[in-house]
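S.K.: Hey, dropping input.csv in here, CSV, C-alpha atoms:
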chain,number,residue,atom,x,y,z
I,1,MET,CA,218.3,64.6,213.8
I,2,ILE,CA,216.1,66.1,216.5
I,3,ASP,CA,219.2,66.8,218.7
I,4,ILE,CA,220.8,68.6,215.7
I,5,PHE,CA,217.7,70.8,215.4
I,6,ARG,CA,217.8,71.6,219.1
I,7,SER,CA,221.5,72.4,218.9
I,8,GLU,CA,221.0,74.7,215.9
I,9,TRP,CA,218.0,76.4,217.5
I,10,THR,CA,220.1,77.1,220.6
I,11,LYS,CA,222.8,78.5,218.5
I,12,ILE,CA,220.6,80.8,216.3
I,13,ARG,CA,218.6,82.2,219.2
I,14,SER,CA,221.6,82.8,221.5
I,15,VAL,CA,223.6,84.8,219.0
I,16,ARG,CA,223.0,88.5,219.3
I,17,SER,CA,223.4,89.1,215.5
I,18,THR,CA,220.3,87.0,214.9
I,19,VAL,CA,218.1,89.3,217.0
I,20,TRP,CA,219.6,92.4,215.4
I,21,THR,CA,219.3,91.3,211.8
I,22,LEU,CA,215.8,90.0,212.2
I,23,ALA,CA,214.8,93.2,214.0
I,24,THR,CA,216.4,95.2,211.1
I,25,THR,CA,214.4,93.2,208.6
I,26,ALA,CA,211.2,94.1,210.5
I,27,VAL,CA,212.1,97.7,210.9
I,28,LEU,CA,212.9,98.1,207.2
I,29,MET,CA,209.7,96.5,206.1
I,30,LEU,CA,207.6,98.6,208.5
I,31,GLY,CA,209.5,101.8,208.0
I,32,PHE,CA,209.4,101.9,204.2
I,33,SER,CA,205.7,101.0,204.4
I,34,ILE,CA,204.8,103.9,206.7
I,35,LEU,CA,207.0,106.4,204.8
I,36,LEU,CA,206.0,105.5,201.3
I,37,ASN,CA,202.3,105.1,202.0
I,38,ALA,CA,202.1,108.4,203.9
I,39,SER,CA,203.9,110.1,201.1
I,40,ALA,CA,201.7,108.6,198.4
I,41,LYS,CA,198.5,109.5,200.3
I,42,GLY,CA,199.7,113.1,200.8
I,43,MET,CA,200.5,113.5,197.1
I,44,ALA,CA,197.5,111.7,195.6
I,45,LYS,CA,194.6,113.7,194.4
I,46,GLY,CA,192.2,110.8,195.0
I,47,PRO,CA,192.3,107.4,196.6
I,48,VAL,CA,195.5,105.4,196.2
I,49,PRO,CA,194.9,102.3,194.0
I,50,GLY,CA,194.8,99.2,196.1
I,51,ARG,CA,197.6,97.4,194.2
I,52,ASP,CA,199.9,100.4,194.4
I,53,ALA,CA,199.3,100.6,198.2
I,54,ILE,CA,200.2,96.9,198.5
I,55,MET,CA,203.4,97.4,196.5
I,56,LEU,CA,204.4,100.5,198.5
I,57,SER,CA,203.9,98.5,201.7
I,58,LEU,CA,206.3,95.8,200.5
I,59,THR,CA,209.0,98.1,199.0
I,60,GLY,CA,211.1,97.5,202.1
I,61,ALA,CA,211.7,93.9,201.0
I,62,MET,CA,214.4,95.2,198.6
I,63,MET,CA,216.5,96.4,201.5
I,64,ALA,CA,215.4,93.8,204.0
I,65,SER,CA,216.7,91.1,201.6
I,66,ILE,CA,220.3,92.3,202.4
I,67,ALA,CA,219.6,91.9,206.2
I,68,MET,CA,218.3,88.4,205.7
I,69,ALA,CA,221.2,87.4,203.4
I,70,THR,CA,223.6,88.8,206.0
I,71,LEU,CA,221.9,86.7,208.7
I,72,GLY,CA,222.2,83.6,206.5
I,73,VAL,CA,225.9,84.2,206.0
I,74,LEU,CA,226.5,84.7,209.7
I,75,VAL,CA,224.7,81.4,210.6
I,76,ILE,CA,227.6,79.5,209.1
I,77,SER,CA,230.5,81.8,208.6
I,78,SER,CA,230.6,82.9,212.3
I,79,GLU,CA,231.4,79.3,213.3
I,80,TYR,CA,234.3,79.2,210.8
I,81,ARG,CA,235.5,82.6,212.1
I,82,THR,CA,235.6,81.5,215.8
I,83,GLY,CA,236.7,77.9,215.1
I,84,GLY,CA,233.4,76.6,216.6
I,85,ILE,CA,232.8,74.7,213.4
I,86,ARG,CA,235.4,72.1,214.5
I,87,THR,CA,233.4,71.4,217.6
I,88,SER,CA,230.3,71.1,215.5
I,89,PHE,CA,232.0,68.6,213.2
I,90,MET,CA,233.2,66.6,216.2
I,91,ALA,CA,229.7,66.5,217.6
I,92,VAL,CA,228.1,65.7,214.2
I,93,PRO,CA,230.7,64.0,211.9
I,94,GLN,CA,228.1,63.6,209.2
I,95,ARG,CA,228.6,67.1,207.8
I,96,MET,CA,225.5,67.0,205.5
I,97,ARG,CA,223.3,66.3,208.5
I,98,LEU,CA,224.7,69.3,210.3
I,99,LEU,CA,224.2,71.6,207.3
I,100,THR,CA,220.6,70.2,206.8
I,101,GLY,CA,219.9,71.0,210.5
I,102,LYS,CA,221.2,74.6,210.0
I,103,ILE,CA,219.1,75.0,206.9
I,104,VAL,CA,215.9,73.7,208.4
I,105,VAL,CA,216.1,75.7,211.6
I,106,PHE,CA,217.1,78.9,209.7
I,107,VAL,CA,214.3,78.5,207.2
I,108,ALA,CA,211.7,77.9,210.0
I,109,VAL,CA,212.8,81.0,212.0
I,110,SER,CA,213.2,83.2,208.9
I,111,LEU,CA,209.9,82.3,207.4
I,112,VAL,CA,207.9,83.0,210.5
I,113,VAL,CA,209.6,86.4,211.1
I,114,CYS,CA,209.4,87.4,207.5
I,115,LEU,CA,205.8,86.5,207.1
I,116,VAL,CA,204.8,88.4,210.2
I,117,ALA,CA,206.9,91.4,209.2
I,118,SER,CA,205.3,91.4,205.7
I,119,ALA,CA,201.8,91.1,207.1
I,120,VAL,CA,202.3,93.9,209.5
I,121,ALA,CA,203.9,96.1,206.8
I,122,VAL,CA,200.9,95.5,204.5
I,123,GLY,CA,198.4,96.0,207.2
I,124,VAL,CA,199.9,99.3,208.4
I,125,GLY,CA,200.5,100.5,204.9
I,126,LEU,CA,196.8,99.9,203.9
I,127,ALA,CA,195.6,101.5,207.1
I,128,ILE,CA,197.6,104.7,206.2
I,129,SER,CA,196.8,104.9,202.5
I,130,GLN,CA,193.2,103.7,202.8
I,131,PRO,CA,192.7,102.6,199.2
I,132,ALA,CA,189.3,102.7,197.7
I,133,SER,CA,189.3,98.9,197.2
I,134,ILE,CA,191.6,96.0,197.6
I,135,GLU,CA,191.5,92.4,196.6
I,136,THR,CA,192.0,90.0,199.5
I,137,GLY,CA,193.6,87.5,197.3
I,138,GLU,CA,196.2,90.0,196.0
I,139,VAL,CA,197.0,91.0,199.6
I,140,ALA,CA,197.5,87.4,200.6
I,141,ARG,CA,199.6,86.5,197.6
I,142,ALA,CA,201.9,89.6,197.9
I,143,THR,CA,202.3,89.0,201.7
I,144,LEU,CA,203.2,85.3,201.2
I,145,GLY,CA,205.4,86.2,198.3
I,146,ALA,CA,207.4,88.7,200.3
I,147,GLY,CA,207.9,86.3,203.2
I,148,LEU,CA,209.0,83.6,200.9
I,149,TYR,CA,211.3,85.9,198.9
I,150,LEU,CA,213.0,87.2,202.1
I,151,THR,CA,213.5,83.7,203.4
I,152,ALA,CA,215.0,82.6,200.1
I,153,CYS,CA,217.4,85.6,200.3
I,154,GLY,CA,218.5,84.4,203.7
I,155,LEU,CA,219.0,80.9,202.4
I,156,PHE,CA,221.0,82.3,199.5
I,157,GLY,CA,223.3,84.0,202.1
I,158,LEU,CA,223.6,80.7,204.0
I,159,GLY,CA,224.7,78.9,200.8
I,160,LEU,CA,227.2,81.6,200.0
I,161,GLY,CA,228.5,81.6,203.5
I,162,THR,CA,229.0,77.8,203.3
I,163,LEU,CA,230.7,78.2,200.0
I,164,ILE,CA,233.0,81.1,200.8
I,165,ARG,CA,233.4,80.7,204.7
I,166,HIS,CA,234.7,84.2,205.0
I,167,THR,CA,232.1,86.6,206.5
I,168,PRO,CA,232.9,89.9,204.6
I,169,GLY,CA,233.5,88.0,201.3
I,170,ALA,CA,230.2,86.1,201.5
I,171,ILE,CA,228.3,89.3,202.4
I,172,VAL,CA,229.8,91.2,199.5
I,173,ALA,CA,229.0,88.3,197.2
I,174,ALA,CA,225.4,88.3,198.5
I,175,ILE,CA,225.0,92.0,198.0
I,176,SER,CA,226.4,91.7,194.5
I,177,LEU,CA,224.2,88.9,193.5
I,178,ILE,CA,221.0,90.2,195.1
I,179,MET,CA,221.2,94.0,194.4
I,180,VAL,CA,224.1,95.1,192.2
I,181,LEU,CA,224.5,92.5,189.4
I,182,PRO,CA,220.7,92.2,188.7
I,183,SER,CA,220.7,95.9,187.9
I,184,VAL,CA,223.8,95.6,185.7
I,185,ALA,CA,222.2,92.6,183.9
I,186,GLY,CA,219.2,94.9,183.1
I,187,GLN,CA,221.5,97.1,181.0
I,188,LEU,CA,222.7,94.3,178.7
I,189,PRO,CA,221.8,95.0,175.1
I,190,GLY,CA,219.7,92.8,172.7
I,191,GLU,CA,217.4,90.0,173.1
I,192,TRP,CA,219.9,87.8,174.9
I,193,GLY,CA,220.5,90.6,177.3
I,194,ARG,CA,216.8,90.8,178.2
I,195,THR,CA,216.7,87.0,178.7
I,196,VAL,CA,219.8,87.0,181.0
I,197,ALA,CA,218.3,89.9,183.0
I,198,GLU,CA,215.0,88.2,183.3
I,199,TYR,CA,216.4,85.0,184.8
I,200,PHE,CA,219.1,86.7,186.9
I,201,THR,CA,218.6,86.1,190.7
I,202,THR,CA,216.3,88.7,192.2
I,203,ASN,CA,215.1,90.0,188.9
I,204,ALA,CA,213.2,86.7,188.8
I,205,GLY,CA,212.7,86.3,192.5
I,206,LEU,CA,211.0,89.7,193.0
I,207,LEU,CA,208.2,88.7,190.6
I,208,VAL,CA,206.6,86.7,193.4
I,209,VAL,CA,206.3,90.0,195.5
I,210,SER,CA,205.1,92.3,192.7
I,211,GLY,CA,202.9,89.7,191.0
I,212,ASP,CA,204.1,90.9,187.6
I,213,SER,CA,204.8,88.7,184.6
I,214,ARG,CA,207.7,88.9,182.2
I,215,ASP,CA,208.0,87.4,178.7
I,216,SER,CA,208.5,83.9,179.9
I,217,LEU,CA,208.2,84.1,183.7
I,218,GLY,CA,205.2,84.6,186.0
I,219,PRO,CA,205.3,85.3,189.8
I,220,TRP,CA,205.7,81.7,190.9
I,221,SER,CA,207.9,80.5,188.0
I,222,GLY,CA,210.2,83.5,188.6
I,223,PHE,CA,210.4,82.5,192.3
I,224,ALA,CA,211.2,78.9,191.2
I,225,VAL,CA,214.1,80.3,189.0
I,226,TYR,CA,215.4,82.2,192.1
I,227,LEU,CA,215.3,79.0,194.1
I,228,VAL,CA,217.5,77.3,191.5
I,229,TRP,CA,220.1,80.0,192.1
I,230,VAL,CA,219.8,79.4,195.8
I,231,ALA,CA,220.1,75.7,195.4
I,232,VAL,CA,223.2,76.0,193.2
I,233,ALA,CA,224.9,78.1,195.9
I,234,THR,CA,223.8,75.8,198.7
I,235,ILE,CA,224.8,72.6,196.8
I,236,ALA,CA,228.2,74.0,195.9
I,237,GLY,CA,228.8,75.0,199.5
I,238,ALA,CA,227.7,71.5,200.7
I,239,VAL,CA,230.1,69.8,198.3
I,240,LEU,CA,233.0,71.9,199.5
I,241,MET,CA,232.0,71.4,203.1
I,242,ARG,CA,232.4,67.7,202.7
I,243,ARG,CA,235.8,68.0,200.9
I,244,ARG,CA,237.5,70.8,202.9
I,245,ASP,CA,239.1,70.7,206.3
I,246,ALA,CA,237.4,72.7,209.1
Before we go any further, please render this structure as structure tokens.
M.R.:
Amino acid sequence: MIDIFRSEWTKIRSVRSTVWTLATTAVLMLGFSILLNASAKGMAKGPVPGRDAIMLSLTGAMMASIAMATLGVLVISSEYRTGGIRTSFMAVPQRMRLLTGKIVVFVAVSLVVCLVASAVAVGVGLAISQPASIETGEVARATLGAGLYLTACGLFGLGLGTLIRHTPGAIVAAISLIMVLPSVAGQLPGEWGRTVAEYFTTNAGLLVVSGDSRDSLGPWSGFAVYLVWVAVATIAGAVLMRRRDA
């Protein structure tokens, strides 16, 4: 298994798209933090509330999630596109071991980058807005939540890429499930509509970033619901990977 990890680490760090998508994630997080905190401070008549400053600093996570999901898709779909997946299957006939190696390496790389990007975004944002008071625990929770959320979005993309195998199709599916359909679900009428919207992908997952609570979901339970969505996509992709030809 160690050899698989080494192989996947070599693949992920040697592909140019990895560097660009991770850099895009960091730039989006930092850019939105600077822009929104500077704007809020300029418009505020008094000190910016600490919680507002933290949330403004992490607003970029909404856009950065697409960059991470795209990276997750490319980790697997690029091998299908180039035919390199056949070589990978020849080297590692146990396909689930290969997929596990991809997931472990991807999560490790993504988590480190996303946590650092979130911490820098929050630090810079708070330095700009200079709130009257902040709670250290809230800063730590929001930063950790943003890093975990972005990593989960990347893993969602990897699951969809494994399931669909076609890069454009998987990216469109990721954008739809992460950004478009959650907003559509929020427009559904009635009690059942609110329930569907509450449990729909990123509507639940983003609670770990904002720290808000809904009718039946808190920050961590909402993130757990999002992980269920991620797990469903990944397991479905794994099942098809075992059954389909390369």
S.K.: For the atom pair CA of Leu126 (chain I) and CA of Gly42 (chain I), what is the interatomic distance in Å to one decimal place?
M.R.: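 So the answer is 13.9 Å.
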S.K.: List the spatial neighbours of Arg13 (chain I) as number ranges by chain - criterion: any atom at most 12 Å away, only C-alpha atoms, same-chain residues fewer than 5 positions off excluded.
M.R.: I: 6-8, 18-22, 71, 75, 105-106, 109-110
S.K.: From the set I:Val232, I:Val208, I:Leu28, I:Leu150, which residue has the shortest atom-to-atom contact distance to Val113 (chain I), counting all atoms listed in the file?
M.R.: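 Checking each of I:Val232, I:Val208, I:Leu28, I:Leu150 against Val113 (chain I), counting all atoms listed in the file, the winner is I:Leu150.
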S.K.: Name the closest residue to Leu160 (chain I) among the candidates I:Ser17, I:Ser216, I:Ser77, I:Ser39; distances are taken between atoms, counting all atoms listed in the file.
M.R.: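 With all atoms listed in the file as the atom set, the closest residue is I:Ser77.
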S.K.: For each of I:Arg243, I:Arg214, I:Arg141, I:Arg97, take the minimum atom-to-atom distance to Leu163 (chain I), counting only C-alpha atoms, then give the residue where this is smallest.
M.R.: I:Arg243
S.K.: Skipping near chain neighbours, those fewer than 2 positions away, what residues fall within 9 Å of Ala146 (chain I) using all atoms listed in the file, listed as a count of residues only?
M.R.: 17
S.K.: Can you pull out the residues contacting Leu56 (chain I)? Cut-off 12 Å, using all atoms listed in the file, and skip same-chain residues under 4 positions away; I want them as JSON, numbers by chain.
M.R.: {"I": [29, 30, 31, 32, 33, 34, 35, 36, 37, 38, 39, 40, 41, 48, 49, 50, 51, 52, 60, 61, 62, 118, 121, 122, 123, 124, 125, 126, 128, 129, 131, 142, 209, 210]}
S.K.: Work out how far apart CA of Ala174 (chain I) and CA of Val225 (chain I) are and give it in Å to one decimal.
M.R.: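 Going from CA of Ala174 (chain I) over to CA of Val225 (chain I), I get 16.8 Å.
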S.K.: So the first atom is CA of Ala119 (chain I) and the second is CA of Ser213 (chain I); what is the distance between them in Å, to one decimal place?
M.R.: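 Value for the CA of Ala119 (chain I)-CA of Ser213 (chain I) distance: 22.8 Å.
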S.K.: Padding of 5 Å on every side, edges along x, y and z, all listed atoms of region 74-86 of chain I included: what centre and edge lengths in Å, to one decimal, does that box have, as JSON?
M.R.:
{"center_x": 230.7, "center_y": 78.4, "center_z": 212.6, "size_x": 22.0, "size_y": 22.6, "size_z": 18.0}
S.K.: Using only C-alpha atoms, which residue out of I:Ser183, I:Pro219, I:Arg165, I:Val230 lies closest to Arg244 (chain I)?
M.R.: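 Counting only C-alpha atoms, the residue closest to Arg244 (chain I) is I:Arg165.
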S.K.: As a list in words, please: the residues near Gly205 (chain I) (cut-off 7 Å, all atoms listed in the file, same-chain neighbours under 6 positions excluded).
M.R.: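 The filter keeps Tyr149, Gly222, Phe223 and Tyr226 of chain I.
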S.K.: Compare I:Thr82, I:Thr234, I:Thr195, I:Ser176 by their minimum atom-to-atom distance to Gly159 (chain I), counting only C-alpha atoms, and give me the closest one.
M.R.: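 Distance minimum relative to Gly159 (chain I) lands on I:Thr234.
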S.K.: So which residues fall inside 12 Å of (212.9, 91.5, 178.3) if we count only C-alpha atoms? Mind giving them as a list of chain:residue names?
M.R.: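 Neighbouring residues, ordered by chain and number, come to I:Ala185, I:Gly186, I:Gln187, I:Leu188, I:Pro189, I:Gly190, I:Glu191, I:Trp192, I:Gly193, I:Arg194, I:Thr195, I:Val196, I:Ala197, I:Glu198, I:Tyr199, I:Phe200, I:Asn203, I:Ala204, I:Ser213, I:Arg214, I:Asp215, I:Ser216, I:Leu217.
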S.K.: Only C-alpha atoms, please: the residues just picked out, written as a JSON list (two decimals), in the coordinates of the input.
M.R.:
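Saved result, result_30.json, follows:
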[["chain", "number", "residue", "atom", "x", "y", "z"],
["I", 185, "ALA", "CA", 222.20, 92.60, 183.90],
["I", 186, "GLY", "CA", 219.20, 94.90, 183.10],
["I", 187, "GLN", "CA", 221.50, 97.10, 181.00],
["I", 188, "LEU", "CA", 222.70, 94.30, 178.70],
["I", 189, "PRO", "CA", 221.80, 95.00, 175.10],
["I", 190, "GLY", "CA", 219.70, 92.80, 172.70],
["I", 191, "GLU", "CA", 217.40, 90.00, 173.10],
["I", 192, "TRP", "CA", 219.90, 87.80, 174.90],
["I", 193, "GLY", "CA", 220.50, 90.60, 177.30],
["I", 194, "ARG", "CA", 216.80, 90.80, 178.20],
["I", 195, "THR", "CA", 216.70, 87.00, 178.70],
["I", 196, "VAL", "CA", 219.80, 87.00, 181.00],
["I", 197, "ALA", "CA", 218.30, 89.90, 183.00],
["I", 198, "GLU", "CA", 215.00, 88.20, 183.30],
["I", 199, "TYR", "CA", 216.40, 85.00, 184.80],
["I", 200, "PHE", "CA", 219.10, 86.70, 186.90],
["I", 203, "ASN", "CA", 215.10, 90.00, 188.90],
["I", 204, "ALA", "CA", 213.20, 86.70, 188.80],
["I", 213, "SER", "CA", 204.80, 88.70, 184.60],
["I", 214, "ARG", "CA", 207.70, 88.90, 182.20],
["I", 215, "ASP", "CA", 208.00, 87.40, 178.70],
["I", 216, "SER", "CA", 208.50, 83.90, 179.90],
["I", 217, "LEU", "CA", 208.20, 84.10, 183.70]]
S.K.: Do a neighbour search on Ala69 (chain I) at 8 Å with only C-alpha atoms, toss out local chain neighbours closer than 2 positions, and write the hits as a list in words.
M.R.: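 Here the answer would be Ser65, Ile66, Ala67, Leu71, Gly72, Val73, Cys153, Gly154, Leu155, Phe156, Gly157, Leu158, Ile171 and Ala174 of chain I.
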S.K.: I need the chosen residues saved as an mmCIF file, keeping the file's coordinate frame, with C-alpha atoms.
M.R.:
data_model
loop_
_atom_site.group_PDB
_atom_site.id
_atom_site.type_symbol
_atom_site.label_atom_id
_atom_site.label_comp_id
_atom_site.auth_asym_id
_atom_site.auth_seq_id
_atom_site.Cartn_x
_atom_site.Cartn_y
_atom_site.Cartn_z
ATOM 1 C CA SER I 65 216.700 91.100 201.600
ATOM 2 C CA ILE I 66 220.300 92.300 202.400
ATOM 3 C CA ALA I 67 219.600 91.900 206.200
ATOM 4 C CA LEU I 71 221.900 86.700 208.700
ATOM 5 C CA GLY I 72 222.200 83.600 206.500
ATOM 6 C CA VAL I 73 225.900 84.200 206.000
ATOM 7 C CA CYS I 153 217.400 85.600 200.300
ATOM 8 C CA GLY I 154 218.500 84.400 203.700
ATOM 9 C CA LEU I 155 219.000 80.900 202.400
ATOM 10 C CA PHE I 156 221.000 82.300 199.500
ATOM 11 C CA GLY I 157 223.300 84.000 202.100
ATOM 12 C CA LEU I 158 223.600 80.700 204.000
ATOM 13 C CA ILE I 171 228.300 89.300 202.400
ATOM 14 C CA ALA I 174 225.400 88.300 198.500
#
S.K.: So, counting all atoms listed in the file, which residue among I:Ala236, I:Trp229, I:Val116, I:Ile4 is closest to Pro93 (chain I)?
M.R.: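 Between I:Ala236, I:Trp229, I:Val116, I:Ile4, the residue approaching Pro93 (chain I) most closely is I:Ile4.
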S.K.: Could you add whatever atoms are missing so that region 40-57 of chain I carries N, CA and C atoms, then write the result as a PDB file, keeping the file's coordinate frame?
M.R.:
ATOM      1  N   ALA I  40     202.582 108.794 199.556  1.00  0.00           N
ATOM      2  CA  ALA I  40     201.700 108.600 198.400  1.00  0.00           C
ATOM      3  C   ALA I  40     200.289 109.173 198.726  1.00  0.00           C
ATOM      4  N   LYS I  41     199.825 108.987 199.945  1.00  0.00           N
ATOM      5  CA  LYS I  41     198.500 109.500 200.300  1.00  0.00           C
ATOM      6  C   LYS I  41     198.516 111.046 200.293  1.00  0.00           C
ATOM      7  N   GLY I  42     199.627 111.640 200.753  1.00  0.00           N
ATOM      8  CA  GLY I  42     199.700 113.100 200.800  1.00  0.00           C
ATOM      9  C   GLY I  42     199.780 113.710 199.411  1.00  0.00           C
ATOM     10  N   MET I  43     200.363 112.995 198.455  1.00  0.00           N
ATOM     11  CA  MET I  43     200.500 113.500 197.100  1.00  0.00           C
ATOM     12  C   MET I  43     199.364 113.172 196.180  1.00  0.00           C
ATOM     13  N   ALA I  44     198.608 112.138 196.512  1.00  0.00           N
ATOM     14  CA  ALA I  44     197.500 111.700 195.600  1.00  0.00           C
ATOM     15  C   ALA I  44     196.354 112.646 195.660  1.00  0.00           C
ATOM     16  N   LYS I  45     195.753 112.863 194.499  1.00  0.00           N
ATOM     17  CA  LYS I  45     194.600 113.700 194.400  1.00  0.00           C
ATOM     18  C   LYS I  45     193.294 112.950 194.726  1.00  0.00           C
ATOM     19  N   GLY I  46     193.388 111.648 194.647  1.00  0.00           N
ATOM     20  CA  GLY I  46     192.200 110.800 195.000  1.00  0.00           C
ATOM     21  C   GLY I  46     192.722 109.603 195.755  1.00  0.00           C
ATOM     22  N   PRO I  47     191.887 108.577 195.901  1.00  0.00           N
ATOM     23  CA  PRO I  47     192.300 107.400 196.600  1.00  0.00           C
ATOM     24  C   PRO I  47     193.468 106.681 195.965  1.00  0.00           C
ATOM     25  N   VAL I  48     194.355 106.161 196.759  1.00  0.00           N
ATOM     26  CA  VAL I  48     195.500 105.400 196.200  1.00  0.00           C
ATOM     27  C   VAL I  48     194.990 104.052 195.729  1.00  0.00           C
ATOM     28  N   PRO I  49     195.338 103.651 194.505  1.00  0.00           N
ATOM     29  CA  PRO I  49     194.900 102.300 194.000  1.00  0.00           C
ATOM     30  C   PRO I  49     195.370 101.224 194.961  1.00  0.00           C
ATOM     31  N   GLY I  50     194.518 100.225 195.123  1.00  0.00           N
ATOM     32  CA  GLY I  50     194.800  99.200 196.100  1.00  0.00           C
ATOM     33  C   GLY I  50     196.120  98.440 195.786  1.00  0.00           C
ATOM     34  N   ARG I  51     196.371  98.114 194.513  1.00  0.00           N
ATOM     35  CA  ARG I  51     197.600  97.400 194.200  1.00  0.00           C
ATOM     36  C   ARG I  51     198.825  98.253 194.446  1.00  0.00           C
ATOM     37  N   ASP I  52     198.730  99.555 194.159  1.00  0.00           N
ATOM     38  CA  ASP I  52     199.900 100.400 194.400  1.00  0.00           C
ATOM     39  C   ASP I  52     200.141 100.500 195.934  1.00  0.00           C
ATOM     40  N   ALA I  53     199.094 100.529 196.751  1.00  0.00           N
ATOM     41  CA  ALA I  53     199.300 100.600 198.200  1.00  0.00           C
ATOM     42  C   ALA I  53     199.968  99.312 198.701  1.00  0.00           C
ATOM     43  N   ILE I  54     199.601  98.173 198.131  1.00  0.00           N
ATOM     44  CA  ILE I  54     200.200  96.900 198.500  1.00  0.00           C
ATOM     45  C   ILE I  54     201.707  96.908 198.175  1.00  0.00           C
ATOM     46  N   MET I  55     202.017  97.344 196.963  1.00  0.00           N
ATOM     47  CA  MET I  55     203.400  97.400 196.500  1.00  0.00           C
ATOM     48  C   MET I  55     204.249  98.352 197.321  1.00  0.00           C
ATOM     49  N   LEU I  56     203.666  99.508 197.624  1.00  0.00           N
ATOM     50  CA  LEU I  56     204.400 100.500 198.500  1.00  0.00           C
ATOM     51  C   LEU I  56     204.654  99.899 199.840  1.00  0.00           C
ATOM     52  N   SER I  57     203.722  99.117 200.338  1.00  0.00           N
ATOM     53  CA  SER I  57     203.900  98.500 201.700  1.00  0.00           C
ATOM     54  C   SER I  57     204.997  97.495 201.713  1.00  0.00           C
TER      55      SER I  57
END
